[in-house]
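**Q** Got a structure for you, data-v3.txt, holding compact mmCIF, N, CA and C atoms.
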# COMPACT_ATOMS: atom_id res chain seq x y z
N MET A 23 50.68 24.69 -37.56
CA MET A 23 51.93 25.25 -37.10
C MET A 23 52.55 26.07 -38.24
N GLU A 24 53.08 27.22 -37.90
CA GLU A 24 53.65 28.12 -38.91
C GLU A 24 55.02 27.63 -39.35
N MET A 25 55.26 27.67 -40.64
CA MET A 25 56.55 27.26 -41.20
C MET A 25 57.58 28.35 -40.95
N GLU A 26 58.74 27.99 -40.47
CA GLU A 26 59.81 28.96 -40.19
C GLU A 26 60.47 29.37 -41.50
N ARG A 27 60.60 30.68 -41.70
CA ARG A 27 61.22 31.20 -42.91
C ARG A 27 62.69 31.52 -42.66
N THR A 28 63.50 31.31 -43.70
CA THR A 28 64.87 31.78 -43.66
C THR A 28 64.83 33.24 -44.08
N ALA A 29 65.47 34.08 -43.31
CA ALA A 29 65.46 35.51 -43.60
C ALA A 29 66.26 35.81 -44.85
N ALA A 30 65.76 36.78 -45.63
CA ALA A 30 66.51 37.24 -46.80
C ALA A 30 67.73 38.01 -46.32
N ALA A 31 68.87 37.73 -46.90
CA ALA A 31 70.13 38.31 -46.42
C ALA A 31 70.17 39.83 -46.46
N ASP A 32 69.44 40.44 -47.38
CA ASP A 32 69.51 41.90 -47.50
C ASP A 32 68.36 42.62 -46.78
N ALA A 33 67.43 41.87 -46.20
CA ALA A 33 66.27 42.47 -45.54
C ALA A 33 66.44 42.47 -44.03
N ALA A 34 66.08 43.57 -43.42
CA ALA A 34 66.17 43.69 -41.96
C ALA A 34 65.09 42.86 -41.29
N VAL A 35 65.38 42.45 -40.07
CA VAL A 35 64.42 41.76 -39.22
C VAL A 35 64.24 42.61 -37.97
N GLN A 36 62.99 42.98 -37.68
CA GLN A 36 62.67 43.75 -36.48
C GLN A 36 62.15 42.81 -35.41
N ALA A 37 62.49 43.09 -34.16
CA ALA A 37 62.01 42.30 -33.03
C ALA A 37 61.01 43.14 -32.24
N VAL A 38 59.80 42.63 -32.09
CA VAL A 38 58.76 43.28 -31.32
C VAL A 38 58.74 42.57 -29.96
N VAL A 39 59.52 43.10 -29.00
CA VAL A 39 59.66 42.46 -27.70
C VAL A 39 58.58 42.98 -26.78
N VAL A 40 57.75 42.05 -26.29
CA VAL A 40 56.60 42.38 -25.45
C VAL A 40 56.88 41.96 -24.02
N TYR A 41 56.61 42.88 -23.08
CA TYR A 41 56.72 42.54 -21.66
C TYR A 41 55.79 43.46 -20.86
N ASP A 42 54.91 42.87 -20.10
CA ASP A 42 54.03 43.61 -19.19
C ASP A 42 53.27 44.73 -19.93
N GLY A 43 52.81 44.43 -21.14
CA GLY A 43 52.03 45.40 -21.91
C GLY A 43 52.85 46.50 -22.56
N GLN A 44 54.17 46.37 -22.54
CA GLN A 44 55.04 47.38 -23.14
C GLN A 44 55.98 46.72 -24.15
N PHE A 45 56.64 47.59 -24.94
CA PHE A 45 57.52 47.13 -26.00
C PHE A 45 58.91 47.71 -25.83
N LEU A 46 59.92 46.92 -26.14
CA LEU A 46 61.30 47.37 -26.05
C LEU A 46 61.64 48.24 -27.25
N LEU A 47 62.14 49.44 -26.97
CA LEU A 47 62.62 50.34 -28.02
C LEU A 47 64.11 50.61 -27.79
N VAL A 48 64.82 50.84 -28.88
CA VAL A 48 66.24 51.17 -28.81
C VAL A 48 66.46 52.53 -29.47
N ALA A 49 67.46 53.24 -29.00
CA ALA A 49 67.79 54.56 -29.57
C ALA A 49 68.36 54.39 -30.97
N LEU A 50 67.83 55.19 -31.88
CA LEU A 50 68.33 55.25 -33.25
C LEU A 50 68.92 56.64 -33.45
N GLN A 51 69.52 56.89 -34.59
CA GLN A 51 70.11 58.21 -34.85
C GLN A 51 69.09 59.33 -34.77
N ASP A 52 67.85 59.04 -35.19
CA ASP A 52 66.84 60.09 -35.24
C ASP A 52 65.60 59.79 -34.41
N GLY A 53 65.75 59.04 -33.34
CA GLY A 53 64.60 58.74 -32.48
C GLY A 53 64.70 57.35 -31.88
N TRP A 54 63.55 56.71 -31.74
CA TRP A 54 63.47 55.38 -31.14
C TRP A 54 62.86 54.41 -32.13
N GLY A 55 63.26 53.16 -32.04
CA GLY A 55 62.71 52.13 -32.92
C GLY A 55 62.88 50.76 -32.29
N LEU A 56 62.42 49.76 -32.99
CA LEU A 56 62.54 48.39 -32.52
C LEU A 56 63.95 47.88 -32.74
N PRO A 57 64.40 46.95 -31.90
CA PRO A 57 65.68 46.30 -32.18
C PRO A 57 65.59 45.63 -33.56
N SER A 58 66.60 45.83 -34.37
CA SER A 58 66.57 45.20 -35.69
C SER A 58 67.98 44.96 -36.19
N GLY A 59 68.08 44.06 -37.14
CA GLY A 59 69.38 43.74 -37.71
C GLY A 59 69.23 42.84 -38.91
N ARG A 60 70.33 42.52 -39.52
CA ARG A 60 70.36 41.67 -40.71
C ARG A 60 70.68 40.23 -40.29
N PRO A 61 70.10 39.28 -41.01
CA PRO A 61 70.37 37.87 -40.68
C PRO A 61 71.78 37.45 -41.06
N GLU A 62 72.28 36.50 -40.31
CA GLU A 62 73.53 35.84 -40.68
C GLU A 62 73.18 34.72 -41.66
N HIS A 63 74.17 34.19 -42.36
CA HIS A 63 73.95 33.16 -43.38
C HIS A 63 73.08 32.02 -42.85
N GLY A 64 71.96 31.75 -43.54
CA GLY A 64 71.09 30.62 -43.23
C GLY A 64 70.24 30.79 -41.98
N GLU A 65 70.25 31.96 -41.39
CA GLU A 65 69.53 32.19 -40.14
C GLU A 65 68.04 32.46 -40.42
N SER A 66 67.18 31.89 -39.62
CA SER A 66 65.75 32.14 -39.77
C SER A 66 65.40 33.52 -39.22
N THR A 67 64.22 34.01 -39.58
CA THR A 67 63.79 35.32 -39.07
C THR A 67 63.68 35.30 -37.55
N THR A 68 63.18 34.22 -37.00
CA THR A 68 63.03 34.11 -35.55
C THR A 68 64.39 34.15 -34.85
N VAL A 69 65.32 33.37 -35.34
CA VAL A 69 66.65 33.33 -34.73
C VAL A 69 67.34 34.68 -34.87
N THR A 70 67.16 35.34 -36.01
CA THR A 70 67.74 36.67 -36.19
C THR A 70 67.20 37.64 -35.15
N ALA A 71 65.89 37.65 -34.96
CA ALA A 71 65.28 38.55 -33.98
C ALA A 71 65.80 38.27 -32.57
N GLU A 72 65.86 37.01 -32.19
CA GLU A 72 66.35 36.63 -30.86
C GLU A 72 67.80 37.06 -30.67
N ARG A 73 68.63 36.83 -31.68
CA ARG A 73 70.06 37.18 -31.59
C ARG A 73 70.25 38.69 -31.49
N VAL A 74 69.53 39.43 -32.34
CA VAL A 74 69.68 40.89 -32.36
C VAL A 74 69.29 41.49 -31.02
N VAL A 75 68.18 41.04 -30.45
CA VAL A 75 67.76 41.56 -29.14
C VAL A 75 68.84 41.30 -28.10
N TYR A 76 69.38 40.09 -28.08
CA TYR A 76 70.41 39.77 -27.09
C TYR A 76 71.67 40.61 -27.32
N GLU A 77 72.11 40.72 -28.57
CA GLU A 77 73.34 41.47 -28.85
C GLU A 77 73.20 42.95 -28.50
N LEU A 78 72.02 43.54 -28.74
CA LEU A 78 71.84 44.96 -28.45
C LEU A 78 71.55 45.23 -26.98
N SER A 79 70.70 44.40 -26.37
CA SER A 79 70.19 44.72 -25.03
C SER A 79 70.66 43.79 -23.92
N GLY A 80 71.03 42.57 -24.26
CA GLY A 80 71.36 41.59 -23.25
C GLY A 80 70.15 40.81 -22.76
N TYR A 81 68.95 41.15 -23.24
CA TYR A 81 67.74 40.41 -22.86
C TYR A 81 67.63 39.12 -23.67
N LEU A 82 67.20 38.04 -23.01
CA LEU A 82 66.89 36.80 -23.70
C LEU A 82 65.42 36.82 -24.06
N VAL A 83 65.11 36.49 -25.31
CA VAL A 83 63.73 36.47 -25.78
C VAL A 83 63.46 35.19 -26.57
N ASP A 84 62.19 34.91 -26.74
CA ASP A 84 61.74 33.77 -27.53
C ASP A 84 60.82 34.29 -28.62
N GLY A 85 61.22 34.13 -29.87
CA GLY A 85 60.39 34.55 -30.99
C GLY A 85 59.18 33.64 -31.10
N THR A 86 57.97 34.22 -30.99
CA THR A 86 56.77 33.40 -30.95
C THR A 86 55.87 33.54 -32.17
N ARG A 87 56.01 34.62 -32.91
CA ARG A 87 55.12 34.84 -34.05
C ARG A 87 55.81 35.71 -35.08
N THR A 88 55.84 35.25 -36.32
CA THR A 88 56.40 36.05 -37.41
C THR A 88 55.26 36.78 -38.10
N LEU A 89 55.37 38.10 -38.21
CA LEU A 89 54.36 38.90 -38.89
C LEU A 89 54.58 38.85 -40.40
N ARG A 90 53.57 39.23 -41.15
CA ARG A 90 53.72 39.24 -42.61
C ARG A 90 54.84 40.20 -42.98
N PRO A 91 55.60 39.91 -44.03
CA PRO A 91 56.69 40.82 -44.43
C PRO A 91 56.14 42.16 -44.93
N ALA A 92 56.90 43.21 -44.72
CA ALA A 92 56.53 44.54 -45.22
C ALA A 92 56.81 44.59 -46.72
N ALA A 93 56.30 45.62 -47.36
CA ALA A 93 56.48 45.78 -48.80
C ALA A 93 57.95 45.85 -49.19
N ASP A 94 58.80 46.39 -48.30
CA ASP A 94 60.23 46.51 -48.61
C ASP A 94 61.02 45.24 -48.26
N GLY A 95 60.32 44.18 -47.81
CA GLY A 95 60.98 42.92 -47.48
C GLY A 95 61.36 42.79 -46.02
N THR A 96 61.19 43.86 -45.23
CA THR A 96 61.50 43.79 -43.80
C THR A 96 60.58 42.78 -43.13
N SER A 97 61.17 41.94 -42.29
CA SER A 97 60.41 40.97 -41.51
C SER A 97 60.32 41.46 -40.08
N ALA A 98 59.34 40.95 -39.35
CA ALA A 98 59.20 41.28 -37.93
C ALA A 98 58.74 40.04 -37.18
N VAL A 99 59.29 39.89 -35.98
CA VAL A 99 58.98 38.74 -35.14
C VAL A 99 58.55 39.25 -33.78
N VAL A 100 57.38 38.80 -33.32
CA VAL A 100 56.91 39.11 -31.98
C VAL A 100 57.67 38.19 -31.02
N CYS A 101 58.29 38.78 -30.00
CA CYS A 101 59.12 38.02 -29.06
C CYS A 101 58.63 38.22 -27.63
N GLN A 102 58.66 37.15 -26.86
CA GLN A 102 58.33 37.21 -25.45
C GLN A 102 59.63 37.27 -24.64
N LEU A 103 59.64 38.11 -23.63
CA LEU A 103 60.82 38.28 -22.79
C LEU A 103 61.00 37.05 -21.91
N LEU A 104 62.21 36.51 -21.86
CA LEU A 104 62.52 35.35 -21.03
C LEU A 104 63.30 35.74 -19.78
N SER A 105 63.98 36.88 -19.81
CA SER A 105 64.78 37.32 -18.66
C SER A 105 64.41 38.76 -18.33
N GLU A 106 63.92 38.99 -17.11
CA GLU A 106 63.52 40.35 -16.74
C GLU A 106 64.70 41.29 -16.57
N THR A 107 65.87 40.73 -16.33
CA THR A 107 67.08 41.52 -16.17
C THR A 107 68.05 41.15 -17.29
N PRO A 108 68.54 42.15 -18.02
CA PRO A 108 69.47 41.82 -19.11
C PRO A 108 70.84 41.40 -18.57
N SER A 109 71.51 40.56 -19.33
CA SER A 109 72.89 40.23 -18.99
C SER A 109 73.74 41.46 -19.29
N GLY A 110 74.97 41.45 -18.93
CA GLY A 110 75.85 42.57 -19.23
C GLY A 110 76.37 42.55 -20.64
N GLY A 111 75.90 41.61 -21.48
CA GLY A 111 76.46 41.42 -22.80
C GLY A 111 75.90 42.32 -23.90
N GLY A 112 74.89 43.13 -23.62
CA GLY A 112 74.31 43.98 -24.65
C GLY A 112 75.26 45.09 -25.06
N SER A 113 75.24 45.45 -26.33
CA SER A 113 76.15 46.48 -26.82
C SER A 113 75.65 47.91 -26.56
N LEU A 114 74.36 48.08 -26.29
CA LEU A 114 73.83 49.42 -26.03
C LEU A 114 73.81 49.72 -24.53
N PRO A 115 74.18 50.95 -24.15
CA PRO A 115 74.07 51.32 -22.75
C PRO A 115 72.59 51.42 -22.34
N ARG A 116 72.29 51.28 -21.07
CA ARG A 116 70.92 51.27 -20.55
C ARG A 116 70.10 52.49 -20.99
N GLU A 117 70.73 53.66 -21.10
CA GLU A 117 69.98 54.86 -21.49
C GLU A 117 69.54 54.83 -22.95
N GLN A 118 70.04 53.87 -23.72
CA GLN A 118 69.61 53.73 -25.11
C GLN A 118 68.58 52.62 -25.30
N LEU A 119 68.02 52.15 -24.18
CA LEU A 119 66.96 51.15 -24.18
C LEU A 119 65.81 51.71 -23.35
N ARG A 120 64.58 51.44 -23.79
CA ARG A 120 63.45 51.82 -22.94
C ARG A 120 62.23 50.98 -23.28
N TRP A 121 61.37 50.84 -22.29
CA TRP A 121 60.10 50.13 -22.46
C TRP A 121 59.03 51.18 -22.67
N ALA A 122 58.20 51.01 -23.69
CA ALA A 122 57.19 52.01 -24.03
C ALA A 122 55.83 51.34 -24.21
N PRO A 123 54.77 52.05 -23.87
CA PRO A 123 53.42 51.53 -24.13
C PRO A 123 53.15 51.52 -25.63
N PRO A 124 52.17 50.75 -26.08
CA PRO A 124 51.88 50.69 -27.52
C PRO A 124 51.64 52.05 -28.15
N SER A 125 51.03 52.99 -27.42
CA SER A 125 50.76 54.31 -28.00
C SER A 125 52.05 55.03 -28.39
N GLU A 126 53.11 54.88 -27.60
CA GLU A 126 54.39 55.49 -27.94
C GLU A 126 55.13 54.68 -29.00
N ALA A 127 55.01 53.37 -28.94
CA ALA A 127 55.70 52.52 -29.90
C ALA A 127 55.16 52.74 -31.31
N VAL A 128 53.87 53.05 -31.43
CA VAL A 128 53.29 53.29 -32.75
C VAL A 128 53.92 54.50 -33.41
N ASP A 129 54.42 55.46 -32.61
CA ASP A 129 55.06 56.66 -33.15
C ASP A 129 56.50 56.42 -33.61
N ALA A 130 57.09 55.30 -33.23
CA ALA A 130 58.46 54.99 -33.62
C ALA A 130 58.49 54.60 -35.10
N GLU A 131 59.68 54.54 -35.68
CA GLU A 131 59.81 54.13 -37.08
C GLU A 131 59.57 52.63 -37.17
N LEU A 132 58.41 52.27 -37.75
CA LEU A 132 58.00 50.87 -37.81
C LEU A 132 57.51 50.51 -39.21
N SER A 133 57.63 49.24 -39.53
CA SER A 133 57.05 48.75 -40.78
C SER A 133 55.53 48.67 -40.62
N SER A 134 54.80 48.63 -41.72
CA SER A 134 53.34 48.59 -41.64
C SER A 134 52.81 47.34 -40.94
N PRO A 135 53.40 46.14 -41.11
CA PRO A 135 52.89 44.99 -40.36
C PRO A 135 53.06 45.16 -38.84
N VAL A 136 54.15 45.76 -38.41
CA VAL A 136 54.36 46.00 -36.98
C VAL A 136 53.37 47.04 -36.47
N ARG A 137 53.20 48.09 -37.22
CA ARG A 137 52.24 49.15 -36.85
C ARG A 137 50.83 48.55 -36.70
N ASP A 138 50.44 47.68 -37.65
CA ASP A 138 49.13 47.02 -37.58
C ASP A 138 49.04 46.14 -36.33
N TYR A 139 50.10 45.41 -36.03
CA TYR A 139 50.11 44.55 -34.84
C TYR A 139 49.94 45.39 -33.58
N LEU A 140 50.66 46.49 -33.47
CA LEU A 140 50.58 47.32 -32.28
C LEU A 140 49.21 47.96 -32.12
N ARG A 141 48.59 48.33 -33.22
CA ARG A 141 47.24 48.92 -33.13
C ARG A 141 46.25 47.91 -32.57
N GLY A 142 46.44 46.63 -32.87
CA GLY A 142 45.52 45.60 -32.39
C GLY A 142 45.97 44.94 -31.11
N PHE A 143 47.08 45.37 -30.55
CA PHE A 143 47.64 44.72 -29.36
C PHE A 143 46.79 44.98 -28.13
N THR A 144 46.50 43.91 -27.40
CA THR A 144 45.80 44.02 -26.13
C THR A 144 46.65 43.30 -25.10
N PRO A 145 47.15 44.04 -24.08
CA PRO A 145 47.96 43.37 -23.05
C PRO A 145 47.19 42.26 -22.37
N SER A 146 47.88 41.16 -22.08
CA SER A 146 47.20 40.06 -21.40
C SER A 146 47.36 40.15 -19.91
Would you write out, as structure tokens, the structure that this file holds?

**A**
Amino acid sequence: MEMERTAAADAAVQAVVVYDGQFLLVALQDGWGLPSGRPEHGESTTVTAERVVYELSGYLVDGTRTLRPAADGTSAVVCQLLSETPSGGGSLPREQLRWAPPSEAVDAELSSPVRDYLRGFTPS
């Protein structure tokens, strides 16, 4: 069983949300990227990823796998979607969220561990 890490306070945590062979992307200032955010005090990387996805999109997710940290300290957590319909609590409007196939997600701004994961991703 993998040991849960506490996220570094200054390092971002990216959430790789998988559903039906696609990945959740959010609008950024200069394109699309994964939902990401900074951990709150004492928060694990998994909990940070789950919280950030809910706060931005309203989707409930379960963090299932933490990827190796990137060279810059960014962490990433693979998350499975628990709710097909988001609650109304997300801070981003629907047009700033989209589901993309791995080929499009690889073009988004991603850390190298996430990029490696997406290259090897096979939908189940």

**Q** Suppose you want the space between CA of Ala93 in chain A and atom N of Gly80 in chain A; what is it in Å?

**A**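 Computing it gives 28.7 Å between the two atoms.
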
**Q** Could you tell me which of A:Thr86, A:Ser79, A:Ser125, A:Ser97 comes closest to Ser109 in chain A if we count only N, CA and C atoms?

**A**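 With only N, CA and C atoms as the atom set, the closest residue is A:Ser79.
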
**Q** What's around Trp121 in chain A at 6.5 Å? Count all atoms listed in the file, leave out sequence neighbours fewer than 6 positions away in its own chain, and write the answer as a list of chain:residue names.

**A**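 The contact residues come out as A:Gln44, A:Phe45, A:Leu46, A:Leu47.
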
**Q** What is the CA of Leu119 in chain A to CA of Gly59 in chain A distance in Å?

**A**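 Separation of CA of Leu119 in chain A and CA of Gly59 in chain A: 15.6 Å.
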
**Q** Between atom C of Gln118 in chain A and atom N of Leu50 in chain A, what is the spacing in Å?

**A**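 Taking atom N of Leu50 in chain A and atom C of Gln118 in chain A, their separation equals 7.1 Å.
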
**Q** Give the answer as one residue: which of A:Val99, A:Ala92, A:Leu114, A:Ala49 has the shortest atom-to-atom distance to Leu78 in chain A, using only N, CA and C atoms?

**A** A:Leu114

**Q** Just list the residues in range 50-122 of chain A DSSP gives alpha helix (DSSP H) on the backbone, as a PyMOL selection string.

**A** chain A and resi 67-79

**Q** So, counting only C-alpha atoms, which residue among A:Glu62, A:Thr107, A:Arg73, A:Thr67 is closest to Thr88 in chain A?

**A**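 Using only C-alpha atoms, the shortest distance to Thr88 in chain A belongs to A:Thr67.
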
**Q** Which residue, A:Glu106, A:Asp94, A:Asp138, A:Glu65, has the smallest gap to Tyr81 in chain A when you use only C-alpha atoms?

**A**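 Of the candidates, the smallest distance to Tyr81 in chain A is held by A:Glu106.
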
**Q** Skip Leu89 in chain A itself and residues of its chain fewer than 4 positions away, then list as a ChimeraX atom specification all residues within 10 Å of it, counting only C-alpha atoms.

**A** /A:36,38,96-100,135-136,138-139

**Q** Go ahead and save the picked residues with N, CA and C atoms, as a short mmCIF file (atom, residue, chain, number, x, y, z; two decimals), in the coordinates of the input.

**A**
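Contents of again21.cif, freshly written:
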data_model
loop_
_atom_site.label_atom_id
_atom_site.label_comp_id
_atom_site.auth_asym_id
_atom_site.auth_seq_id
_atom_site.Cartn_x
_atom_site.Cartn_y
_atom_site.Cartn_z
N GLN A 36 62.99 42.98 -37.68
CA GLN A 36 62.67 43.75 -36.48
C GLN A 36 62.15 42.81 -35.41
N VAL A 38 59.80 42.63 -32.09
CA VAL A 38 58.76 43.28 -31.32
C VAL A 38 58.74 42.57 -29.96
N THR A 96 61.19 43.86 -45.23
CA THR A 96 61.50 43.79 -43.80
C THR A 96 60.58 42.78 -43.13
N SER A 97 61.17 41.94 -42.29
CA SER A 97 60.41 40.97 -41.51
C SER A 97 60.32 41.46 -40.08
N ALA A 98 59.34 40.95 -39.35
CA ALA A 98 59.20 41.28 -37.93
C ALA A 98 58.74 40.04 -37.18
N VAL A 99 59.29 39.89 -35.98
CA VAL A 99 58.98 38.74 -35.14
C VAL A 99 58.55 39.25 -33.78
N VAL A 100 57.38 38.80 -33.32
CA VAL A 100 56.91 39.11 -31.98
C VAL A 100 57.67 38.19 -31.02
N PRO A 135 53.40 46.14 -41.11
CA PRO A 135 52.89 44.99 -40.36
C PRO A 135 53.06 45.16 -38.84
N VAL A 136 54.15 45.76 -38.41
CA VAL A 136 54.36 46.00 -36.98
C VAL A 136 53.37 47.04 -36.47
N ASP A 138 50.44 47.68 -37.65
CA ASP A 138 49.13 47.02 -37.58
C ASP A 138 49.04 46.14 -36.33
N TYR A 139 50.10 45.41 -36.03
CA TYR A 139 50.11 44.55 -34.84
C TYR A 139 49.94 45.39 -33.58
#
